[in-house]
file work-v5.pdb (PDB, C-alpha atoms, pLDDT in the B column)
ATOM      1  CA  MET P 628    -259.115   5.448-115.679  1.00 48.00           C
ATOM      2  CA  ASN P 629    -255.512   5.706-114.499  1.00 52.00           C
ATOM      3  CA  LEU P 630    -253.848   3.707-111.703  1.00 50.00           C
ATOM      4  CA  ILE P 631    -254.414   6.340-109.029  1.00 56.00           C
ATOM      5  CA  ASP P 632    -258.121   6.524-109.801  1.00 56.00           C
ATOM      6  CA  GLU P 633    -258.344   2.719-109.721  1.00 56.00           C
ATOM      7  CA  LEU P 634    -256.688   2.627-106.269  1.00 54.00           C
ATOM      8  CA  ARG P 635    -259.083   5.260-104.969  1.00 57.00           C
ATOM      9  CA  ALA P 636    -262.035   3.233-106.217  1.00 57.00           C
ATOM     10  CA  LEU P 637    -261.021   0.136-104.281  1.00 55.00           C
ATOM     11  CA  ASP P 638    -263.242  -0.908-101.379  1.00 56.00           C
ATOM     12  CA  PRO P 639    -260.968  -1.637 -98.371  1.00 57.00           C
ATOM     13  CA  ARG P 640    -263.749  -3.751 -96.842  1.00 60.00           C
ATOM     14  CA  ASP P 641    -263.869  -6.096 -99.847  1.00 59.00           C
ATOM     15  CA  PRO P 642    -260.269  -6.884-100.856  1.00 58.00           C
ATOM     16  CA  GLY P 643    -261.491 -10.020-102.669  1.00 57.00           C
ATOM     17  CA  ARG P 644    -262.825  -7.884-105.519  1.00 58.00           C
ATOM     18  CA  TRP P 645    -259.558  -5.965-105.964  1.00 56.00           C
ATOM     19  CA  PRO P 646    -257.711  -6.513-109.235  1.00 59.00           C
ATOM     20  CA  LEU P 647    -255.109  -9.286-109.077  1.00 56.00           C
ATOM     21  CA  PRO P 648    -252.065  -6.974-109.389  1.00 62.00           C
ATOM     22  CA  VAL P 649    -253.360  -4.843-106.507  1.00 58.00           C
ATOM     23  CA  ARG P 650    -254.020  -7.875-104.317  1.00 61.00           C
ATOM     24  CA  ALA P 651    -250.524  -9.214-105.102  1.00 62.00           C
ATOM     25  CA  GLY P 652    -248.992  -5.852-104.212  1.00 66.00           C
ATOM     26  CA  ALA P 653    -250.953  -5.688-100.952  1.00 64.00           C
ATOM     27  CA  VAL P 654    -249.820  -9.196 -99.995  1.00 61.00           C
ATOM     28  CA  ALA P 655    -246.217  -8.296-100.816  1.00 70.00           C
ATOM     29  CA  ALA P 656    -246.454  -5.112 -98.726  1.00 73.00           C
ATOM     30  CA  ALA P 657    -247.949  -7.023 -95.804  1.00 70.00           C
ATOM     31  CA  PHE P 658    -245.223  -9.658 -96.073  1.00 68.00           C
ATOM     32  CA  LEU P 659    -242.545  -6.952 -96.136  1.00 72.00           C
ATOM     33  CA  ALA P 660    -244.028  -5.285 -93.063  1.00 73.00           C
ATOM     34  CA  LEU P 661    -244.187  -8.571 -91.184  1.00 70.00           C
ATOM     35  CA  THR P 662    -240.589  -9.323 -92.210  1.00 74.00           C
ATOM     36  CA  LEU P 663    -239.415  -5.957 -90.907  1.00 70.00           C
ATOM     37  CA  LEU P 664    -241.309  -6.375 -87.641  1.00 69.00           C
ATOM     38  CA  GLY P 665    -239.989  -9.891 -87.189  1.00 66.00           C
ATOM     39  CA  GLY P 666    -236.469  -8.705 -87.912  1.00 64.00           C
ATOM     40  CA  TYR P 667    -236.811  -5.966 -85.329  1.00 64.00           C
ATOM     41  CA  PHE P 668    -238.082  -8.206 -82.564  1.00 62.00           C
ATOM     42  CA  LEU P 669    -235.933 -11.240 -83.358  1.00 62.00           C
ATOM     43  CA  VAL P 670    -232.681  -9.651 -84.517  1.00 63.00           C
ATOM     44  CA  TRP P 671    -232.584  -6.139 -83.046  1.00 61.00           C
ATOM     45  CA  ASN P 672    -233.661  -7.174 -79.554  1.00 64.00           C
ATOM     46  CA  GLU P 673    -231.122  -9.995 -79.509  1.00 66.00           C
ATOM     47  CA  GLN P 674    -228.310  -7.771 -80.757  1.00 66.00           C
ATOM     48  CA  ARG P 675    -229.203  -4.808 -78.538  1.00 69.00           C
ATOM     49  CA  PRO P 676    -227.150  -5.969 -75.480  1.00 73.00           C
ATOM     50  CA  GLU P 677    -224.150  -6.473 -77.752  1.00 73.00           C
ATOM     51  CA  LEU P 678    -224.612  -2.998 -79.181  1.00 71.00           C
ATOM     52  CA  GLN P 679    -224.904  -1.543 -75.669  1.00 77.00           C
ATOM     53  CA  ARG P 680    -221.695  -3.328 -74.670  1.00 79.00           C
ATOM     54  CA  HIS P 681    -219.848  -1.856 -77.630  1.00 77.00           C
ATOM     55  CA  GLN P 682    -221.212   1.604 -76.847  1.00 79.00           C
ATOM     56  CA  ASP P 683    -220.048   1.301 -73.234  1.00 83.00           C
ATOM     57  CA  GLU P 684    -216.648   0.117 -74.432  1.00 86.00           C
ATOM     58  CA  GLU P 685    -216.454   3.090 -76.770  1.00 84.00           C
ATOM     59  CA  GLN P 686    -217.183   5.478 -73.892  1.00 86.00           C
ATOM     60  CA  HIS P 687    -214.523   3.768 -71.777  1.00 86.00           C
ATOM     61  CA  LEU P 688    -211.949   4.054 -74.572  1.00 86.00           C
ATOM     62  CA  ARG P 689    -212.826   7.709 -75.095  1.00 85.00           C
ATOM     63  CA  GLN P 690    -212.366   8.406 -71.380  1.00 87.00           C
ATOM     64  CA  GLU P 691    -209.071   6.520 -71.377  1.00 86.00           C
ATOM     65  CA  PHE P 692    -207.935   8.509 -74.409  1.00 83.00           C
ATOM     66  CA  HIS P 693    -208.787  11.818 -72.741  1.00 81.00           C
ATOM     67  CA  THR P 694    -206.934  10.759 -69.573  1.00 83.00           C
ATOM     68  CA  LYS P 695    -203.807   9.714 -71.456  1.00 81.00           C
ATOM     69  CA  HIS P 696    -203.998  12.805 -73.625  1.00 77.00           C
ATOM     70  CA  ALA P 697    -204.113  15.015 -70.534  1.00 76.00           C
ATOM     71  CA  LYS P 698    -201.091  13.188 -69.095  1.00 76.00           C
ATOM     72  CA  ALA P 699    -199.201  13.561 -72.355  1.00 76.00           C
ATOM     73  CA  VAL P 700    -199.970  17.286 -72.479  1.00 74.00           C
ATOM     74  CA  ASN P 701    -198.756  17.705 -68.874  1.00 75.00           C
ATOM     75  CA  LEU P 702    -195.761  15.396 -69.240  1.00 74.00           C
ATOM     76  CA  GLU P 703    -193.214  18.195 -68.915  1.00 77.00           C
ATOM     77  CA  VAL P 704    -194.977  19.477 -65.791  1.00 76.00           C
ATOM     78  CA  TYR P 705    -194.849  15.977 -64.278  1.00 75.00           C
ATOM     79  CA  LYS P 706    -191.156  15.686 -65.137  1.00 75.00           C
ATOM     80  CA  GLN P 707    -190.427  18.963 -63.382  1.00 76.00           C
ATOM     81  CA  GLN P 708    -192.456  17.876 -60.341  1.00 77.00           C
ATOM     82  CA  LEU P 709    -190.483  14.628 -60.244  1.00 75.00           C
ATOM     83  CA  LYS P 710    -187.210  16.569 -60.312  1.00 75.00           C
ATOM     84  CA  ASP P 711    -188.458  18.775 -57.453  1.00 70.00           C
ATOM     85  CA  ILE P 712    -189.434  15.680 -55.434  1.00 73.00           C
ATOM     86  CA  GLU P 713    -186.063  14.046 -56.059  1.00 65.00           C
ATOM     87  CA  ARG P 714    -184.300  17.252 -55.020  1.00 67.00           C
ATOM     88  CA  SER P 715    -186.360  17.470 -51.811  1.00 66.00           C
ATOM     89  CA  PHE P 716    -185.792  13.786 -51.103  1.00 58.00           C
ATOM     90  CA  GLY P 717    -182.060  14.240 -51.625  1.00 57.00           C
ATOM     91  CA  ALA P 718    -182.040  17.134 -49.160  1.00 62.00           C
ATOM     92  CA  LEU P 719    -183.812  14.980 -46.569  1.00 64.00           C
ATOM     93  CA  LEU P 720    -181.506  12.057 -47.244  1.00 62.00           C
ATOM     94  CA  ARG P 721    -178.474  14.251 -46.592  1.00 62.00           C
ATOM     95  CA  GLN P 722    -179.862  14.846 -43.099  1.00 64.00           C
ATOM     96  CA  LEU P 723    -179.576  11.138 -42.347  1.00 72.00           C
ATOM     97  CA  PRO P 724    -176.175  10.145 -41.001  1.00 72.00           C
ATOM     98  CA  GLY P 725    -174.190   7.231 -42.319  1.00 73.00           C
ATOM     99  CA  LYS P 726    -173.206   4.268 -40.185  1.00 76.00           C
ATOM    100  CA  THR P 727    -169.914   5.857 -39.190  1.00 76.00           C
ATOM    101  CA  GLU P 728    -171.594   9.133 -38.171  1.00 81.00           C
ATOM    102  CA  VAL P 729    -174.104   7.600 -35.746  1.00 84.00           C
ATOM    103  CA  PRO P 730    -171.792   7.503 -32.688  1.00 88.00           C
ATOM    104  CA  ASN P 731    -171.086  11.233 -33.059  1.00 90.00           C
ATOM    105  CA  LEU P 732    -174.803  11.933 -33.372  1.00 88.00           C
ATOM    106  CA  LEU P 733    -175.489  10.026 -30.142  1.00 90.00           C
ATOM    107  CA  VAL P 734    -172.857  12.150 -28.417  1.00 92.00           C
ATOM    108  CA  ASP P 735    -174.495  15.310 -29.813  1.00 93.00           C
ATOM    109  CA  ILE P 736    -177.895  14.272 -28.396  1.00 93.00           C
ATOM    110  CA  SER P 737    -176.401  13.531 -25.000  1.00 93.00           C
ATOM    111  CA  GLN P 738    -174.398  16.762 -24.978  1.00 94.00           C
ATOM    112  CA  THR P 739    -177.535  18.749 -25.848  1.00 94.00           C
ATOM    113  CA  GLY P 740    -179.112  17.672 -22.564  1.00 93.00           C
ATOM    114  CA  LEU P 741    -175.973  18.384 -20.567  1.00 93.00           C
ATOM    115  CA  ALA P 742    -175.553  21.783 -22.242  1.00 94.00           C
ATOM    116  CA  ALA P 743    -179.083  22.686 -21.144  1.00 93.00           C
ATOM    117  CA  GLY P 744    -178.068  21.964 -17.532  1.00 94.00           C
ATOM    118  CA  LEU P 745    -180.111  18.771 -17.237  1.00 93.00           C
ATOM    119  CA  GLU P 746    -179.032  15.781 -15.188  1.00 93.00           C
ATOM    120  CA  GLU P 747    -178.845  12.723 -17.412  1.00 93.00           C
ATOM    121  CA  LYS P 748    -180.223   9.712 -15.532  1.00 93.00           C
ATOM    122  CA  LEU P 749    -180.645   7.372 -18.496  1.00 94.00           C
ATOM    123  CA  PHE P 750    -179.256   7.325 -22.021  1.00 95.00           C
ATOM    124  CA  GLN P 751    -179.826   3.873 -23.508  1.00 94.00           C
ATOM    125  CA  PRO P 752    -179.676   3.259 -27.286  1.00 93.00           C
ATOM    126  CA  GLN P 753    -182.027   0.449 -28.410  1.00 93.00           C
ATOM    127  CA  PRO P 754    -181.518  -2.055 -31.246  1.00 92.00           C
ATOM    128  CA  GLU P 755    -181.968  -0.344 -34.582  1.00 88.00           C
ATOM    129  CA  GLN P 756    -184.964  -1.211 -36.773  1.00 88.00           C
ATOM    130  CA  LYS P 757    -184.297  -1.456 -40.505  1.00 84.00           C
ATOM    131  CA  LYS P 758    -186.847  -0.093 -42.956  1.00 80.00           C
ATOM    132  CA  ASP P 759    -186.786   0.076 -46.767  1.00 75.00           C
ATOM    133  CA  PHE P 760    -183.857   2.450 -47.263  1.00 76.00           C
ATOM    134  CA  TYR P 761    -183.098   3.657 -43.749  1.00 82.00           C
ATOM    135  CA  ALA P 762    -182.686   2.376 -40.222  1.00 85.00           C
ATOM    136  CA  GLU P 763    -184.443   3.760 -37.153  1.00 89.00           C
ATOM    137  CA  LEU P 764    -182.397   4.081 -33.959  1.00 91.00           C
ATOM    138  CA  PRO P 765    -184.489   4.545 -30.768  1.00 94.00           C
ATOM    139  CA  ILE P 766    -182.821   5.911 -27.625  1.00 94.00           C
ATOM    140  CA  LYS P 767    -184.400   5.737 -24.178  1.00 96.00           C
ATOM    141  CA  ILE P 768    -183.627   8.984 -22.325  1.00 95.00           C
ATOM    142  CA  ARG P 769    -184.466  10.193 -18.827  1.00 95.00           C
ATOM    143  CA  LEU P 770    -183.420  13.690 -17.748  1.00 94.00           C
ATOM    144  CA  SER P 771    -184.013  15.828 -14.680  1.00 93.00           C
ATOM    145  CA  GLY P 772    -184.108  19.597 -14.461  1.00 92.00           C
ATOM    146  CA  SER P 773    -186.255  22.708 -14.569  1.00 91.00           C
ATOM    147  CA  TYR P 774    -189.046  23.477 -17.034  1.00 89.00           C
ATOM    148  CA  HIS P 775    -186.839  26.066 -18.729  1.00 92.00           C
ATOM    149  CA  GLN P 776    -183.980  23.578 -19.091  1.00 93.00           C
ATOM    150  CA  LEU P 777    -186.327  20.978 -20.598  1.00 93.00           C
ATOM    151  CA  GLY P 778    -187.501  23.536 -23.147  1.00 92.00           C
ATOM    152  CA  GLU P 779    -183.890  24.403 -23.963  1.00 94.00           C
ATOM    153  CA  PHE P 780    -183.138  20.702 -24.496  1.00 94.00           C
ATOM    154  CA  VAL P 781    -186.045  20.270 -26.926  1.00 93.00           C
ATOM    155  CA  SER P 782    -184.997  23.389 -28.832  1.00 94.00           C
ATOM    156  CA  GLY P 783    -181.425  22.109 -28.993  1.00 94.00           C
ATOM    157  CA  ILE P 784    -182.575  18.766 -30.409  1.00 93.00           C
ATOM    158  CA  ALA P 785    -184.620  20.568 -33.085  1.00 92.00           C
ATOM    159  CA  ALA P 786    -181.545  22.618 -34.031  1.00 92.00           C
ATOM    160  CA  LEU P 787    -179.327  19.590 -34.672  1.00 89.00           C
ATOM    161  CA  PRO P 788    -178.248  19.221 -38.326  1.00 84.00           C
ATOM    162  CA  ARG P 789    -179.494  15.615 -38.345  1.00 83.00           C
ATOM    163  CA  ILE P 790    -183.098  14.446 -38.039  1.00 84.00           C
ATOM    164  CA  VAL P 791    -184.047  13.527 -34.463  1.00 90.00           C
ATOM    165  CA  THR P 792    -187.664  13.031 -33.399  1.00 91.00           C
ATOM    166  CA  LEU P 793    -189.027  12.776 -29.848  1.00 93.00           C
ATOM    167  CA  HIS P 794    -191.690  10.229 -28.874  1.00 94.00           C
ATOM    168  CA  ASP P 795    -193.515   8.912 -25.798  1.00 94.00           C
ATOM    169  CA  ILE P 796    -192.771  12.076 -23.824  1.00 93.00           C
ATOM    170  CA  ASP P 797    -193.610  11.859 -20.132  1.00 94.00           C
ATOM    171  CA  ILE P 798    -192.968  14.765 -17.741  1.00 90.00           C
ATOM    172  CA  LYS P 799    -193.371  14.289 -14.014  1.00 89.00           C
ATOM    173  CA  SER P 800    -192.515  16.205 -10.875  1.00 87.00           C
ATOM    174  CA  ASP P 801    -189.140  15.022  -9.653  1.00 78.00           C
ATOM    175  CA  ASN P 802    -189.280  16.629  -6.218  1.00 74.00           C
ATOM    176  CA  LYS P 803    -192.412  17.375  -4.221  1.00 73.00           C
ATOM    177  CA  ASP P 804    -190.649  20.209  -2.396  1.00 71.00           C
ATOM    178  CA  ALA P 805    -189.403  21.878  -5.605  1.00 68.00           C
ATOM    179  CA  TYR P 806    -192.234  22.672  -8.040  1.00 72.00           C
ATOM    180  CA  ASP P 807    -189.804  23.389 -10.891  1.00 77.00           C
ATOM    181  CA  GLN P 808    -187.780  20.199 -10.524  1.00 86.00           C
ATOM    182  CA  LEU P 809    -189.084  17.910 -13.260  1.00 91.00           C
ATOM    183  CA  SER P 810    -188.233  14.522 -14.698  1.00 91.00           C
ATOM    184  CA  LEU P 811    -188.445  14.053 -18.472  1.00 92.00           C
ATOM    185  CA  GLU P 812    -188.648  10.555 -19.927  1.00 95.00           C
ATOM    186  CA  LEU P 813    -188.872  10.014 -23.677  1.00 95.00           C
ATOM    187  CA  THR P 814    -187.720   8.016 -26.658  1.00 95.00           C
ATOM    188  CA  ALA P 815    -185.577   9.918 -29.134  1.00 94.00           C
ATOM    189  CA  LYS P 816    -185.401   8.441 -32.607  1.00 92.00           C
ATOM    190  CA  THR P 817    -182.709   9.212 -35.086  1.00 88.00           C
ATOM    191  CA  TYR P 818    -182.243   7.666 -38.480  1.00 85.00           C
ATOM    192  CA  ARG P 819    -179.440   6.616 -40.772  1.00 84.00           C
ATOM    193  CA  TYR P 820    -179.525   5.660 -44.415  1.00 79.00           C
ATOM    194  CA  LEU P 821    -178.694   2.071 -45.282  1.00 78.00           C
ATOM    195  CA  GLU P 822    -175.628   1.301 -47.326  1.00 75.00           C
ATOM    196  CA  SER P 823    -176.198  -0.329 -50.737  1.00 73.00           C
ATOM    197  CA  ASP P 824    -174.953  -3.709 -49.466  1.00 72.00           C
ATOM    198  CA  GLU P 825    -177.404  -3.529 -46.526  1.00 71.00           C
ATOM    199  CA  ILE P 826    -180.312  -2.794 -48.888  1.00 66.00           C
ATOM    200  CA  ALA P 827    -179.278  -5.690 -51.144  1.00 71.00           C
ATOM    201  CA  ALA P 828    -179.059  -8.024 -48.137  1.00 70.00           C
ATOM    202  CA  GLY P 829    -182.508  -6.908 -46.984  1.00 61.00           C
ATOM    203  CA  GLU P 830    -183.998  -7.629 -50.413  1.00 65.00           C
ATOM    204  CA  ALA P 831    -182.365 -11.071 -50.415  1.00 64.00           C
ATOM    205  CA  ASP P 832    -183.820 -11.810 -46.979  1.00 62.00           C
ATOM    206  CA  LYS P 833    -187.314 -10.819 -48.168  1.00 61.00           C
ATOM    207  CA  LYS P 834    -187.063 -13.111 -51.204  1.00 59.00           C
ATOM    208  CA  SER P 835    -185.811 -15.935 -49.003  1.00 62.00           C
ATOM    209  CA  ASP P 836    -188.730 -15.477 -46.592  1.00 60.00           C
ATOM    210  CA  VAL P 837    -191.215 -15.604 -49.457  1.00 54.00           C
ATOM    211  CA  ALA P 838    -189.569 -18.707 -50.939  1.00 56.00           C
ATOM    212  CA  HIS P 839    -189.665 -20.581 -47.607  1.00 56.00           C
ATOM    213  CA  ARG P 840    -193.152 -19.435 -46.639  1.00 59.00           C
ATOM    214  CA  PRO P 841    -195.458 -22.492 -46.404  1.00 62.00           C
ATOM    215  CA  LYS P 842    -198.076 -22.711 -49.095  1.00 59.00           C
ATOM    216  CA  PRO P 843    -201.735 -22.755 -47.989  1.00 57.00           C
ATOM    217  CA  ALA P 844    -203.312 -26.191 -47.964  1.00 54.00           C
ATOM    218  CA  GLY P 845    -205.717 -27.147 -50.709  1.00 47.00           C
TER
END
call {"tool": "encode", "arguments": {"input": "work-v5.pdb", "output": "structure tokens"}}
result
Amino acid sequence: MNLIDELRALDPRDPGRWPLPVRAGAVAAAFLALTLLGGYFLVWNEQRPELQRHQDEEQHLRQEFHTKHAKAVNLEVYKQQLKDIERSFGALLRQLPGKTEVPNLLVDISQTGLAAGLEEKLFQPQPEQKKDFYAELPIKIRLSGSYHQLGEFVSGIAALPRIVTLHDIDIKSDNKDAYDQLSLELTAKTYRYLESDEIAAGEADKKSDVAHRPKPAG
């Protein structure tokens, strides 16, 4: 009788009567199975969160790679867009007067109202407000005239070669007996670019403010 026939003849309900080599093999197989199951539950389950973390990190790195790859592929497009932005910014910057040009611009704004036939009742420049690279110059203006003249004034301001914006516009009737006699009150804002020394001084002031700012207690 060969080994296969002997195994078939074994009674699974009476392993005590199996031949010694078969019993030893069965014990070894059972021990191996228990070892594998114990390894799964004790090792695999403990290492599973670590594996999941590495898988998540791999996905993150893949996504980061794809993002950087897309940027690298479109680098020339981005460079051209940056040049276009710089060109547009330069064109806007050229519309801002320098410090020496501001008085002439104020005259141009005032003359625009007079040229439209308006009566100038108030033209009062306010203290300028410095921003990052430019200064904002508000001007309180009050004019009197007809609706058509007010429209001509606004059109004239828009046609100036320098940037001038109109804010806080308030139009009222200036004469109860004359329906077309109006009073226009507004704040015109023009802008000038800051000189390099003014920008440097502003940066120094910001650093000084930060250095002297009191530290929070505790």
call {"tool": "resolve_selection", "arguments": {"input": "work-v5.pdb", "expression": "the PyMOL selection byres ((chain P and resi 758) around 10)", "output": "number ranges by chain"}}
result
P: 755-757, 759-763, 820-821, 826, 829
call {"tool": "atom_distance", "arguments": {"input": "work-v5.pdb", "atom1": "atom CA of P:Gln776", "atom2": "atom CA of P:Leu745"}}
result
6.4 Å
call {"tool": "closest_residue", "arguments": {"input": "work-v5.pdb", "among": "P:Leu809, P:Val700, P:Leu732, P:Ile766", "to": "P:Asp797", "atoms": "all atoms listed in the file"}}
result
P:Leu809
call {"tool": "closest_residue", "arguments": {"input": "work-v5.pdb", "among": "P:Thr694, P:Asn701, P:Thr817, P:Thr662", "to": "P:Asp735", "atoms": "all atoms listed in the file"}}
result
P:Thr817
call {"tool": "atom_distance", "arguments": {"input": "work-v5.pdb", "atom1": "atom CA of P:Phe750", "atom2": "atom CA of P:Lys767"}}
result
5.8 Å
call {"tool": "closest_residue", "arguments": {"input": "work-v5.pdb", "among": "P:Ile768, P:Gly783, P:Lys803, P:Leu688", "to": "P:Ala815", "atoms": "all atoms listed in the file"}}
result
P:Ile768
call {"tool": "resolve_selection", "arguments": {"input": "work-v5.pdb", "expression": "the PyMOL selection byres ((chain P and resi 792) around 8)", "output": "PyMOL selection string"}}
result
chain P and resi 790-791+793-794+815-817
call {"tool": "write_last_selection", "arguments": {"input": "work-v5.pdb", "atoms": "C-alpha atoms", "output": "PDB file, keeping the file's coordinate frame"}}
result
ATOM      1  CA  ILE P 790    -183.098  14.446 -38.039  1.00 84.00           C
ATOM      2  CA  VAL P 791    -184.047  13.527 -34.463  1.00 90.00           C
ATOM      3  CA  LEU P 793    -189.027  12.776 -29.848  1.00 93.00           C
ATOM      4  CA  HIS P 794    -191.690  10.229 -28.874  1.00 94.00           C
ATOM      5  CA  ALA P 815    -185.577   9.918 -29.134  1.00 94.00           C
ATOM      6  CA  LYS P 816    -185.401   8.441 -32.607  1.00 92.00           C
ATOM      7  CA  THR P 817    -182.709   9.212 -35.086  1.00 88.00           C
TER       8      THR P 817
END
call {"tool": "closest_residue", "arguments": {"input": "work-v5.pdb", "among": "P:Thr727, P:Gln753, P:Gln679, P:Ser782", "to": "P:Thr814", "atoms": "all atoms listed in the file"}}
result
P:Gln753
call {"tool": "atom_distance", "arguments": {"input": "work-v5.pdb", "atom1": "atom CA of P:Arg819", "atom2": "atom CA of P:Pro724"}}
result
4.8 Å
call {"tool": "closest_residue", "arguments": {"input": "work-v5.pdb", "among": "P:Gln707, P:Ser823, P:Ser773, P:Asn802", "to": "P:Gly744", "atoms": "all atoms listed in the file"}}
result
P:Ser773
